[in-house]
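Take a look at the structure set out below.
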Amino acid sequence: MLWYKSFLETRSRFLIGLVILLMSVFGTVYAYPRVERMLAMVPAAAMNGDSLIAGRIKEIAELSSSYRGYIWAQALRQNVTQMLSLFAVLLGAGGLAAQARGTLFTLSLPVSRGRLLGVRAATGLAELAVLAFVPLLLLPLISPGVGQHYGVGEALVHGVCFFVAGSVLFSFASLLSTVFHDQWRPILIACFAAACLGIAEPLFGDLSRYSLFGIMDGEIYFRQGGMPWLGLLASAAVSAAMLFAASRNLARQDF
């Protein structure tokens, strides 16, 4: 009953997120032939300048010279990272403290608050895992449609990075939901914090690949071929700590 109740609370956000992510990956893959043609027409002068725009064009052109680089630059580093971050926050926000009408009924159930939060967190993390893995596993299936190949193993590695790093934003929103007794403040605060982190990333140069979003898009794996184990372990530890803090905070509250 608790698992089903938790799923009902988040199913609309989960299903909308899944559809959007699948459409984004599908659109990115089938745009590749057009991008190839466009890059071939970009004049060399546009990439040899000293301006920020010229540097950006050159970087995109170099990455998109290979299908793997194009997928990472256009889908994994941008679209999927941004949308998965948003839906991680949306899945984490809410919960017992934000249920204005259903709180008393939920508390009357013969289960502890810790179990209530644990079931909801597990349900949300399971949904987040589906959002992290399923769209990426679409890549090996549809890439032959544009005459390209994308490995299943590579999709799985990036899926792990998305899930583990995304769980930090999920847990942060869950923690905020035990502090504020409404649904919107946790969402707005978590999204604002994520946006500030994303804006600040370019200031750190190459160190940005060790940031939360750098771990999420798997830049270390893409450029060096190795798993970012330290970042993944740190992300998992931070996520677990915030969920533990959320359970302790919920246990102390008087409804």
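Just remember, in the structure tokens the first chain shown is A, the second B, etc., residues are 1-based per chain, and ligands are 1-based in the order shown.
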At a cut-off of 12 Å, can you tabulate as a tab-separated table every residue of stretch 151-205 of chain A near stretch 233-250 of chain A together with its closest atom pair and the distance in Å to one decimal, using only C-alpha atoms and ordering rows by chain then number?
```
residue	atom	partner	partner_atom	distance
A:Val160	CA	A:Ala236	CA	11.2
A:Cys161	CA	A:Ser235	CA	9.7
A:Phe162	CA	A:Ser235	CA	10.8
A:Phe163	CA	A:Ala236	CA	9.7
A:Val164	CA	A:Ala236	CA	6.1
A:Ala165	CA	A:Ser235	CA	5.7
A:Gly166	CA	A:Ser235	CA	8.7
A:Ser167	CA	A:Ser239	CA	6.1
A:Val168	CA	A:Ser239	CA	4.7
A:Leu169	CA	A:Ser239	CA	8.0
A:Phe170	CA	A:Ser239	CA	8.0
A:Ser171	CA	A:Ser239	CA	5.5
A:Phe172	CA	A:Met242	CA	6.4
A:Ala173	CA	A:Met242	CA	9.3
A:Ser174	CA	A:Ala246	CA	6.8
A:Leu175	CA	A:Ala246	CA	4.6
A:Leu176	CA	A:Ala246	CA	7.9
A:Ser177	CA	A:Ala246	CA	8.2
A:Thr178	CA	A:Leu250	CA	5.8
A:Val179	CA	A:Asn249	CA	7.6
A:Phe180	CA	A:Leu250	CA	10.9
A:His181	CA	A:Leu250	CA	10.9
```
Output C-alpha atoms for every residue in that selection, as an mmCIF file, in the first residue's frame.
```cif
data_model
loop_
_atom_site.group_PDB
_atom_site.id
_atom_site.type_symbol
_atom_site.label_atom_id
_atom_site.label_comp_id
_atom_site.auth_asym_id
_atom_site.auth_seq_id
_atom_site.Cartn_x
_atom_site.Cartn_y
_atom_site.Cartn_z
ATOM 1 C CA VAL A 160 25.189 5.284 -13.437
ATOM 2 C CA CYS A 161 26.698 8.781 -13.408
ATOM 3 C CA PHE A 162 23.325 10.397 -14.020
ATOM 4 C CA PHE A 163 21.601 8.373 -11.327
ATOM 5 C CA VAL A 164 24.191 8.745 -8.568
ATOM 6 C CA ALA A 165 24.803 12.465 -9.120
ATOM 7 C CA GLY A 166 21.098 13.108 -9.685
ATOM 8 C CA SER A 167 20.311 11.469 -6.340
ATOM 9 C CA VAL A 168 22.085 14.388 -4.638
ATOM 10 C CA LEU A 169 19.515 16.834 -6.017
ATOM 11 C CA PHE A 170 16.717 14.386 -5.186
ATOM 12 C CA SER A 171 17.906 14.069 -1.584
ATOM 13 C CA PHE A 172 18.402 17.821 -1.234
ATOM 14 C CA ALA A 173 14.806 18.422 -2.326
ATOM 15 C CA SER A 174 13.634 15.689 0.083
ATOM 16 C CA LEU A 175 15.503 17.328 2.945
ATOM 17 C CA LEU A 176 14.049 20.743 2.122
ATOM 18 C CA SER A 177 10.580 19.169 2.072
ATOM 19 C CA THR A 178 10.965 18.284 5.760
ATOM 20 C CA VAL A 179 11.891 21.906 6.534
ATOM 21 C CA PHE A 180 9.168 23.697 4.563
ATOM 22 C CA HIS A 181 5.582 22.471 4.780
#
```
*Please provide the set of residues having any atom within 10 Å of A:Val130, restricted to only C-alpha atoms, with same-chain residues fewer than 3 positions apart removed, written as a list in words.*
Phe14, Leu18, Gly124, Leu125, Ala126, Glu127, Phe133, Val134, Pro135, Leu136, Gly159 and Phe163 of chain A
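Interatomic distance, atom CA of A:Tyr150 to atom CA of A:Ser64: 14.1 Å.
Picture a line from atom CA of A:Arg209 to atom CA of A:Val29; it runs 24.1 Å.
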*What's the 10 Å shell around A:Leu188, counting only C-alpha atoms, without same-chain residues fewer than 5 positions away, as a ChimeraX atom specification?*
/A:89-90,93,173,183,193-194
*Check stretch 148-234 of chain A with DSSP on the backbone and list each residue it calls helix (DSSP H, G or I), as a PyMOL selection string.*
chain A and resi 152-177+184-210+212-216+219-224+229-234
As a PDB file with C-alpha atoms, in the first residue's frame, please: the residues near A:Gly27 (cut-off 12 Å, only C-alpha atoms, same-chain neighbours under 5 positions excluded).
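Once everything was written out, this is part22.pdb:
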```pdb
ATOM      1  CA  ILE A  20      10.413  14.386 -22.359  1.00  0.00           C
ATOM      2  CA  LEU A  21      13.782  12.679 -21.917  1.00  0.00           C
ATOM      3  CA  LEU A  22      12.965  10.004 -24.501  1.00  0.00           C
ATOM      4  CA  TYR A  32      22.901  14.326 -36.323  1.00  0.00           C
ATOM      5  CA  PRO A  33      22.933  14.108 -40.152  1.00  0.00           C
ATOM      6  CA  ARG A  34      21.730  17.707 -40.377  1.00  0.00           C
ATOM      7  CA  VAL A  35      24.352  18.841 -37.853  1.00  0.00           C
ATOM      8  CA  ILE A  71      25.968  12.708 -28.306  1.00  0.00           C
ATOM      9  CA  GLN A  74      24.476  17.847 -27.275  1.00  0.00           C
ATOM     10  CA  ALA A  75      22.544  15.254 -25.274  1.00  0.00           C
ATOM     11  CA  ASN A  79      19.737  18.378 -22.519  1.00  0.00           C
ATOM     12  CA  VAL A  80      19.733  15.223 -20.415  1.00  0.00           C
ATOM     13  CA  PRO A 135      16.547   7.226 -22.296  1.00  0.00           C
ATOM     14  CA  LEU A 138      17.502   4.133 -26.347  1.00  0.00           C
ATOM     15  CA  LEU A 139      20.750   5.382 -27.916  1.00  0.00           C
ATOM     16  CA  ILE A 142      18.077   4.078 -32.619  1.00  0.00           C
ATOM     17  CA  SER A 143      21.645   5.085 -33.574  1.00  0.00           C
ATOM     18  CA  VAL A 146      21.321   7.436 -38.730  1.00  0.00           C
TER      19      VAL A 146
END
```
*Point-to-point distance from atom CA of A:Leu76 to atom CA of A:Gln148, Å rounded to tenths*: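 Value for the atom CA of A:Leu76-atom CA of A:Gln148 distance: 16.8 Å.
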*Shell around stretch 5-8 of chain A at 6 Å using only C-alpha atoms, local window under 3 positions removed, as a list in words*: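 Answer for this query is Leu2, Arg11 and Arg120 of chain A.
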Those same residues - N, CA and C atoms - I'd like them written as a compact mmCIF listing (two decimals), in the first residue's frame.
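What ended up in out_16.txt:
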```txt
# COMPACT_ATOMS: atom_id res chain seq x y z
N LEU A 2 1.91 1.28 0.86
CA LEU A 2 2.77 2.45 0.94
C LEU A 2 3.50 2.70 -0.37
N ARG A 11 3.70 9.90 -9.83
CA ARG A 11 3.65 9.26 -11.15
C ARG A 11 3.53 10.27 -12.29
N ARG A 120 9.01 6.29 0.49
CA ARG A 120 8.87 7.35 -0.51
C ARG A 120 10.21 7.64 -1.19
```
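Candidate residues A:Ser12, A:Gln82, A:Thr28, A:Ser66 were compared for distance to A:Asp217, and the nearest is A:Gln82, using only C-alpha atoms.
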*Measuring atom to atom with only C-alpha atoms, identify which of A:Ala73, A:Trp229, A:Phe26, A:Leu86 is nearest to A:Phe192.*
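Comparing A:Ala73, A:Trp229, A:Phe26, A:Leu86 against A:Phe192, the winner is A:Leu86.
Nearest-residue note for A:Leu84: choosing from A:Leu131, A:Val19, A:Leu230, A:Ala190, the minimum distance belongs to A:Leu131, counting only C-alpha atoms.
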